[in-house]
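Working notes, beginning with the structure itself.
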Amino acid sequence: MAAEEETHKSRVPEPVNITILRARHLRGSKGDSLTSLVRIEYGSSTLGESAKVDSTADVAAEYNFNAKFDCSFEDPVILDEVAYKPALVTVVEVLPKEKKQKEEKTVLLGQCTVDLLPLVKGERKYKSTLIIHPLPGSPLEGVPPDNPKPEVDVVVSVNEPLLNEDHLKDSNLMTITVEAAYSVPESWNPSGTQYMYAATMPVPLSAEKETTVIMSNGMLKALNDKDKEPPSKQKKWPQPGGAQGGAVYIPDKFLEAINYDEEDGELCGKEFRDMRIEAETEKNRVIWNCERRCYMDNSAVQGLQQRIAQTRLWPVEVMRMPMPSAAKPKGKEEENPIFFHGVAYVNLAPLLYPGVKKIHGAYRIHAYNDQEVERKTKRKGGLAEEAARMATSLFRNASPSVKPAKGGKDEKPAKEKEKDTAKKQPSQMLKPGAPGTNEASSDTEAPVQQNIEGMQYDEAGTYIILEFQLDRPIVPKRAPEELAKKVAEYIPPRPLFPRRTNGAQRAVDDFHNQVGSIGNLILEEFRGLFGDELDDGKLPQGNEAAEERRRKLMFELNTSGKYFAFKEQLKHSVVKIVREKYLKTATFQDKDKLQAFLSDLYVFLVDQMHIGLGNVLSLEDETPVPAPLTDSSQLLHFAREAEVNENFELSAKYYQERLARNRNDADHWFDYGTFCLLISDITKAEECFKETVSINPQHLHGLLLYGVVCAMEERNDVAETFFEASTCVDPSSVLAWTMLGLYYDGIDSDIQAEYAFMEAQKLNMANAAAKQRQNAIAKAAVATLEATPDAGGSQQAEGSVVQQVGLGDTEPIGEETSEAGESEVAPAVPQVTKTPATPTDAKIPISKSPAVKHNNHPGLKKKMSISSNSKSGIEGTTRAKSATSQAAPSEVGSRPAHVDQEEAPREPTPVPESSIFMIAVEFLLEVKATQFCERALAHELLAPLGGPTPAYHVALARMKLQKKELDDADHSLKEALVLNYQNPDAWSIQGHLRYLQGNMEDAKMCYERTLSFVADAREMHSIYLRLASIYLQDGQYQEAKNTFLYACKKSPSCISWLGVGIACYRLGELSEAEDALCEANILNNSDPEVWGYLSLVCLATERQLEAEQAYKYALKVSLQEGPLLDEIHDMQQQVGFGNPQF
């Protein structure tokens, strides 16, 4: 790359040719007939003048004049000037000589500017038709608006592109637009002394150098300003040279209308909206509407990226200067006084987000202070003095065409040119240790001077609207297609599903029917031959006798011709199988392929023959396997319940049973993977999540958890791939973007993390706005229906609901928001809320349980789109309309000028019910990913919507319980209860904590308090089970029975029914105890306690056989030595039976 740069710099200067072909619709001082010429200027140099050409209203002025200048490649400043400096074309009328007149008189008709930017973008030749803007006093000013406007055809060309494809790929073009400053200090008087208003900032020119960008054409305007400028939002040239009038505008470049919600600045929130509307409609402002293009080669792009990564904030200095004199004073150095020196700090970090090319927003202007600028931007010294010199030079550097000069003596003296050139040299970027940065300490020792004038910016709340736009993003964004391919590399290959068609299935079914029919016929033949022996029971059973009967049967079938009849009966069904299933209809040419096919066909037909015979024959001693009585959701509930009781072996059994029933269900693998995370089996968890995304590549939570596991194993490349893939699978998911940000935060990639969190925040706010609108619609509907009791008014009620909530103009946005938001509805963590707590926090929800879909963090509707196309709903639409319709017609690029109508009341600012980090925390707690959960909680503590809230402390306690850090969990719960003493979740987790510590009395108190609240806790099942078990231990059997029944009513399980059976047995309710124990046995027939208590019930009811059977099964499923087995033995001793060993 360095060699290519050296080759590029040593390139011979390329001539840039500017050809003026013709001009049309010109008008001179004496009518449509005139003699004219054109003059071409670039910068401060005049490139040449054309010959005089006659023209009329119908005949164009054919100039065919070519001028050129050389573009050098030694310094990137040259290409930078080509990007932002226009070529100025001036049309001059030449009047005929009068008597006694030595020289011809000339009249300046008009000007236009030629944009040379396409040359910097690699074009070799392009043609433009430009409007000739009349100059003050020109005859063109009197042209009626209905007449065609004067125009000129211009061709710009180079022999070879200024930049080849490689340089275009590595370089970039940054366009800086300074629009206006609003709410300026009140001391600024538009009708008083005129001043220059300038904005300046540094821009990298290479890895080590910067150039100073200056825009000094700011104009102070009052609200009721009425001037002669057209009501245009067209952008201006930063250095138009001698251009005047409409020629100072860039052709076809206009300011874009952007809603407040789509901005990236400091004042984009709704809390600033009223202030901004007032400032932009009722106060004075300074308007620039100026665009500056900055060419940056590869080293400059790298320098910009490095500088943004180091400091993020970019200084934009604003100042006011007196109008300079027309000529430079002689004999002494000129002073350029600076007043109202301010600075705005622009956060350019979003430009390092993947795929971001533009930032636009409003930024506060603060009083300039060297120490503050150095602290925030790591820069020593400002650009004000250099910018003031440049602004003064630009003011005086008018083109010769606008001066009443006679000849072509428009060149500056050599010394003056040298000074101007020296002023334009880029400034050295100040770095620690760089030359010029080690000044004497006298600067720091001097007393700090207060910027009194600059403080007026802060008092007035002045802000400036800026835009930074790149031609291509600094950090390219990976396309979703590339991500999908990369994900596929990590997914193991899976066999294709066998091809099944209705025709093939019918052919196989017909074969089964024919086999069954022939089997019945053969049985009839067998009965005819050996029926007598069968009836008498004298049929020999030896092998030799069976072989003799087979030979006799085959002889009878062959001699009678029935064997061949059976073959013909099967032949048609076999042909159908060959045609329909194997799709073979032509003769085999290769004998080897024929033999291979016949072998496959024979194996298949034999297998199908057995299936067909099995359909018509049955063995009396074979018992059919009963269908399972539990479904997948029940097994998941049982597994979660076992987790709570820390019976991980039983829990793993339930998860594996789910997989055995359906191995192609991605959710089964995902749930088993979360269990493996809980027991710290990372390897098996990774396999499960890999199977999840293998079965369903769109499984959002599977992608996230596989990324989490890879991050835990420090395989960051793979983890990043899957985290980014999750944002492509569901770009509207708050969870996906938050998890991506947490990952980037973990690898210290601050820029990418900030971008991901910003996207999540936007989605979260949009979801809150959508939910707010839906609530407004629902309330309006209820109010309208109450006011319209008759049935006939229902349609009118529906039609008026939207009008009441003010959604008439935003219906498409509402629809888009509603439809796209299904992924974030109801629970803050969709779908995964079915996976509840861990053994430490006792959370056992079922996927369809009502307890799962409630409460603390209801889901948030999705935002409109990732590109922020419809961010504000009603607000954005209303403001955009008012900004368009109410702008002052005389202002150039100003904001809304006056509000004539009373504004409709705006909807309240939506506030999400949960921050993005709490959404992630909920998900991570469910899936037991404690490493990322800690990271999310740390962000929640510092988030604007977060902080040490009760929800934060409860979540922290749940995480500490998962990690068995009981003391820390206790501390967090105390903090939560201090903030909200009626938090049912805090009390329930406090009960779990006391239960795990063995403090049953306190645990019972906490559980009872939790059940006494009106609102349910996060998960009630574990509370019922543990409280009922404490009742059993305390001998409170009636309370235990009732509490276990509550659990059975809401989410029955083997444990809950076992508890009911035990309580009923202790109460002497043997019939109810047996019913409850039988139900528990149906749900889990391998629980030894269930068999043990069934044996006790049978012993108490004196049923010997059933008591012995229950006892044998209890021992078979490993009933351990303990109080229950001792009680069974005692009962057997009392009744005298129940143990077969007696």
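Ordering of the structure tokens sets the chain letters (A, B, ...), residue numbers begin anew at 1 in every chain, and ligands are numbered from 1 in the order given.
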Surrounding residues of range 558-566 of chain A excluding itself and chain neighbours under 6 positions, 10 Å, only C-alpha atoms, as a list in words: Gln514, Val515, Ser517, Ile518, Gly519, Leu521, Ile522 and Glu525 of chain A
Requested write-out: all heavy atoms of the selected residues, as a PDB file, in the first residue's frame:
```pdb
ATOM      1  N   GLN A 514     -52.276 -56.885   0.157  1.00  0.00           N
ATOM      2  CA  GLN A 514     -52.131 -58.130  -0.599  1.00  0.00           C
ATOM      3  C   GLN A 514     -51.415 -59.190   0.232  1.00  0.00           C
ATOM      4  O   GLN A 514     -51.786 -60.380   0.203  1.00  0.00           O
ATOM      5  CB  GLN A 514     -51.353 -57.864  -1.901  1.00  0.00           C
ATOM      6  CG  GLN A 514     -52.067 -56.967  -2.887  1.00  0.00           C
ATOM      7  CD  GLN A 514     -53.379 -57.551  -3.363  1.00  0.00           C
ATOM      8  OE1 GLN A 514     -53.553 -58.774  -3.430  1.00  0.00           O
ATOM      9  NE2 GLN A 514     -54.333 -56.676  -3.672  1.00  0.00           N
ATOM     10  N   VAL A 515     -50.392 -58.763   0.988  1.00  0.00           N
ATOM     11  CA  VAL A 515     -49.684 -59.720   1.857  1.00  0.00           C
ATOM     12  C   VAL A 515     -50.640 -60.279   2.907  1.00  0.00           C
ATOM     13  O   VAL A 515     -50.645 -61.483   3.210  1.00  0.00           O
ATOM     14  CB  VAL A 515     -48.458 -59.041   2.508  1.00  0.00           C
ATOM     15  CG1 VAL A 515     -47.892 -59.914   3.625  1.00  0.00           C
ATOM     16  CG2 VAL A 515     -47.379 -58.774   1.476  1.00  0.00           C
ATOM     17  N   SER A 517     -53.884 -60.519   2.698  1.00  0.00           N
ATOM     18  CA  SER A 517     -54.863 -61.417   2.038  1.00  0.00           C
ATOM     19  C   SER A 517     -54.258 -62.778   1.747  1.00  0.00           C
ATOM     20  O   SER A 517     -54.872 -63.829   2.007  1.00  0.00           O
ATOM     21  CB  SER A 517     -55.353 -60.748   0.748  1.00  0.00           C
ATOM     22  OG  SER A 517     -56.209 -61.619   0.039  1.00  0.00           O
ATOM     23  N   ILE A 518     -53.027 -62.794   1.191  1.00  0.00           N
ATOM     24  CA  ILE A 518     -52.374 -64.079   0.879  1.00  0.00           C
ATOM     25  C   ILE A 518     -52.052 -64.835   2.157  1.00  0.00           C
ATOM     26  O   ILE A 518     -52.141 -66.070   2.223  1.00  0.00           O
ATOM     27  CB  ILE A 518     -51.109 -63.801   0.046  1.00  0.00           C
ATOM     28  CG1 ILE A 518     -51.501 -63.219  -1.319  1.00  0.00           C
ATOM     29  CG2 ILE A 518     -50.293 -65.073  -0.133  1.00  0.00           C
ATOM     30  CD1 ILE A 518     -50.324 -62.759  -2.141  1.00  0.00           C
ATOM     31  N   GLY A 519     -51.694 -64.118   3.209  1.00  0.00           N
ATOM     32  CA  GLY A 519     -51.432 -64.789   4.486  1.00  0.00           C
ATOM     33  C   GLY A 519     -52.665 -65.504   5.002  1.00  0.00           C
ATOM     34  O   GLY A 519     -52.571 -66.644   5.516  1.00  0.00           O
ATOM     35  N   LEU A 521     -55.073 -66.725   3.153  1.00  0.00           N
ATOM     36  CA  LEU A 521     -55.300 -67.889   2.285  1.00  0.00           C
ATOM     37  C   LEU A 521     -54.374 -69.043   2.644  1.00  0.00           C
ATOM     38  O   LEU A 521     -54.769 -70.220   2.639  1.00  0.00           O
ATOM     39  CB  LEU A 521     -55.100 -67.486   0.819  1.00  0.00           C
ATOM     40  CG  LEU A 521     -56.126 -66.486   0.253  1.00  0.00           C
ATOM     41  CD1 LEU A 521     -55.743 -66.084  -1.162  1.00  0.00           C
ATOM     42  CD2 LEU A 521     -57.517 -67.101   0.268  1.00  0.00           C
ATOM     43  N   ILE A 522     -53.104 -68.698   2.964  1.00  0.00           N
ATOM     44  CA  ILE A 522     -52.161 -69.765   3.347  1.00  0.00           C
ATOM     45  C   ILE A 522     -52.577 -70.394   4.669  1.00  0.00           C
ATOM     46  O   ILE A 522     -52.450 -71.612   4.872  1.00  0.00           O
ATOM     47  CB  ILE A 522     -50.735 -69.179   3.420  1.00  0.00           C
ATOM     48  CG1 ILE A 522     -50.268 -68.749   2.023  1.00  0.00           C
ATOM     49  CG2 ILE A 522     -49.767 -70.187   4.014  1.00  0.00           C
ATOM     50  CD1 ILE A 522     -48.933 -68.066   2.010  1.00  0.00           C
ATOM     51  N   GLU A 525     -55.162 -72.948   3.951  1.00  0.00           N
ATOM     52  CA  GLU A 525     -54.551 -74.180   3.452  1.00  0.00           C
ATOM     53  C   GLU A 525     -53.925 -74.981   4.591  1.00  0.00           C
ATOM     54  O   GLU A 525     -54.024 -76.220   4.639  1.00  0.00           O
ATOM     55  CB  GLU A 525     -53.488 -73.837   2.398  1.00  0.00           C
ATOM     56  CG  GLU A 525     -54.036 -73.339   1.090  1.00  0.00           C
ATOM     57  CD  GLU A 525     -54.806 -74.414   0.350  1.00  0.00           C
ATOM     58  OE1 GLU A 525     -54.432 -75.606   0.456  1.00  0.00           O
ATOM     59  OE2 GLU A 525     -55.793 -74.073  -0.328  1.00  0.00           O
TER      60      GLU A 525
END
```
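Once Glu372 in chain A and its same-chain neighbours fewer than 6 positions away are set aside, A:Leu313, A:Pro315, A:Gly342, A:Val343, A:Ala344, A:Tyr345, A:His366, A:Lys378, A:Arg379, A:Lys380, A:Gly381, A:Gly382, A:Val448, A:Gln450 remain within 12 Å of it when counting only C-alpha atoms.
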Picked from range 601-753 of chain A by DSSP as helix (DSSP H, G or I), as a PyMOL selection string: chain A and resi 601-616+632-644+648-661+666-678+682-695+700-712+716-729+734-746+750-753
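Interatomic distance, CA of Glu940 in chain A to CA of Ala309 in chain A: 24.0 Å.
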All residues 12 Å or closer to Leu529 in chain A, only C-alpha atoms, same chain fewer than 2 positions away omitted, as a list in words: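 Result of the neighbour search: Ile522, Leu523, Glu524, Glu525, Phe526, Arg527, Gly531, Asp532, Glu533, Leu534, Asp535, Leu539, Arg549, Arg550, Arg551, Lys552, Leu553, Met554, Phe555, Glu556 and Leu557 of chain A.
When only C-alpha atoms are used to measure the gap to Gln111 in chain A, the shortest distance among A:Val248, A:Leu678, A:Leu924, A:Val782 belongs to A:Val248.
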Neighbour list for Ala384 in chain A as a ChimeraX atom specification, cut-off 12 Å, only C-alpha atoms, skip fewer than 5 positions in-chain: /A:197-202,212-216,315-321,336-343,368-370,389-391
Exercise: Asp1002 in chain A partners within 10 Å, only C-alpha atoms, chain neighbours under 3 positions left out, as a PyMOL selection string: chain A and resi 990-995+998-999+1005-1008
Could you turn the residues from that selection into a file that holds N, CA, C and O atoms, as a PDB file, in the first residue's frame?
```pdb
ATOM      1  N   GLN A 990     -36.608 -14.301  49.406  1.00  0.00           N
ATOM      2  CA  GLN A 990     -36.142 -14.335  50.794  1.00  0.00           C
ATOM      3  C   GLN A 990     -36.530 -15.653  51.442  1.00  0.00           C
ATOM      4  O   GLN A 990     -35.741 -16.254  52.195  1.00  0.00           O
ATOM      5  N   GLY A 991     -37.728 -16.138  51.153  1.00  0.00           N
ATOM      6  CA  GLY A 991     -38.144 -17.432  51.671  1.00  0.00           C
ATOM      7  C   GLY A 991     -37.278 -18.561  51.138  1.00  0.00           C
ATOM      8  O   GLY A 991     -36.882 -19.471  51.890  1.00  0.00           O
ATOM      9  N   HIS A 992     -36.956 -18.537  49.843  1.00  0.00           N
ATOM     10  CA  HIS A 992     -36.070 -19.571  49.282  1.00  0.00           C
ATOM     11  C   HIS A 992     -34.700 -19.525  49.943  1.00  0.00           C
ATOM     12  O   HIS A 992     -34.096 -20.583  50.224  1.00  0.00           O
ATOM     13  N   LEU A 993     -34.222 -18.317  50.176  1.00  0.00           N
ATOM     14  CA  LEU A 993     -32.909 -18.185  50.824  1.00  0.00           C
ATOM     15  C   LEU A 993     -32.924 -18.799  52.219  1.00  0.00           C
ATOM     16  O   LEU A 993     -32.014 -19.573  52.577  1.00  0.00           O
ATOM     17  N   ARG A 994     -33.945 -18.495  53.007  1.00  0.00           N
ATOM     18  CA  ARG A 994     -34.031 -19.054  54.349  1.00  0.00           C
ATOM     19  C   ARG A 994     -34.218 -20.577  54.291  1.00  0.00           C
ATOM     20  O   ARG A 994     -33.690 -21.315  55.133  1.00  0.00           O
ATOM     21  N   TYR A 995     -34.961 -21.046  53.300  1.00  0.00           N
ATOM     22  CA  TYR A 995     -35.176 -22.490  53.149  1.00  0.00           C
ATOM     23  C   TYR A 995     -33.846 -23.194  52.881  1.00  0.00           C
ATOM     24  O   TYR A 995     -33.558 -24.263  53.457  1.00  0.00           O
ATOM     25  N   GLY A 998     -31.758 -23.511  55.886  1.00  0.00           N
ATOM     26  CA  GLY A 998     -32.292 -24.390  56.920  1.00  0.00           C
ATOM     27  C   GLY A 998     -33.106 -23.687  57.972  1.00  0.00           C
ATOM     28  O   GLY A 998     -33.534 -24.318  58.949  1.00  0.00           O
ATOM     29  N   ASN A 999     -33.375 -22.407  57.812  1.00  0.00           N
ATOM     30  CA  ASN A 999     -34.178 -21.630  58.762  1.00  0.00           C
ATOM     31  C   ASN A 999     -35.642 -21.730  58.334  1.00  0.00           C
ATOM     32  O   ASN A 999     -36.181 -20.851  57.645  1.00  0.00           O
ATOM     33  N   MET A1005     -42.542 -17.915  57.313  1.00  0.00           N
ATOM     34  CA  MET A1005     -43.072 -16.565  57.445  1.00  0.00           C
ATOM     35  C   MET A1005     -43.002 -15.811  56.116  1.00  0.00           C
ATOM     36  O   MET A1005     -43.952 -15.117  55.723  1.00  0.00           O
ATOM     37  N   CYS A1006     -41.883 -15.942  55.420  1.00  0.00           N
ATOM     38  CA  CYS A1006     -41.730 -15.250  54.131  1.00  0.00           C
ATOM     39  C   CYS A1006     -42.717 -15.792  53.101  1.00  0.00           C
ATOM     40  O   CYS A1006     -43.335 -15.015  52.349  1.00  0.00           O
ATOM     41  N   TYR A1007     -42.875 -17.117  53.053  1.00  0.00           N
ATOM     42  CA  TYR A1007     -43.809 -17.703  52.081  1.00  0.00           C
ATOM     43  C   TYR A1007     -45.246 -17.269  52.386  1.00  0.00           C
ATOM     44  O   TYR A1007     -46.016 -16.953  51.465  1.00  0.00           O
ATOM     45  N   GLU A1008     -45.603 -17.300  53.643  1.00  0.00           N
ATOM     46  CA  GLU A1008     -46.973 -16.898  53.998  1.00  0.00           C
ATOM     47  C   GLU A1008     -47.228 -15.425  53.666  1.00  0.00           C
ATOM     48  O   GLU A1008     -48.317 -15.069  53.199  1.00  0.00           O
TER      49      GLU A1008
END
```
For range 1071-1078 of chain A: contacts at 6 Å, only C-alpha atoms, fewer than 2 positions along chain excluded, given as a list in words: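 Using only C-alpha atoms, the neighbours found are Trp1057, Leu1058, Gly1061, Cys1064, Tyr1065, Glu1069, Ala1080 and Asn1081 of chain A.
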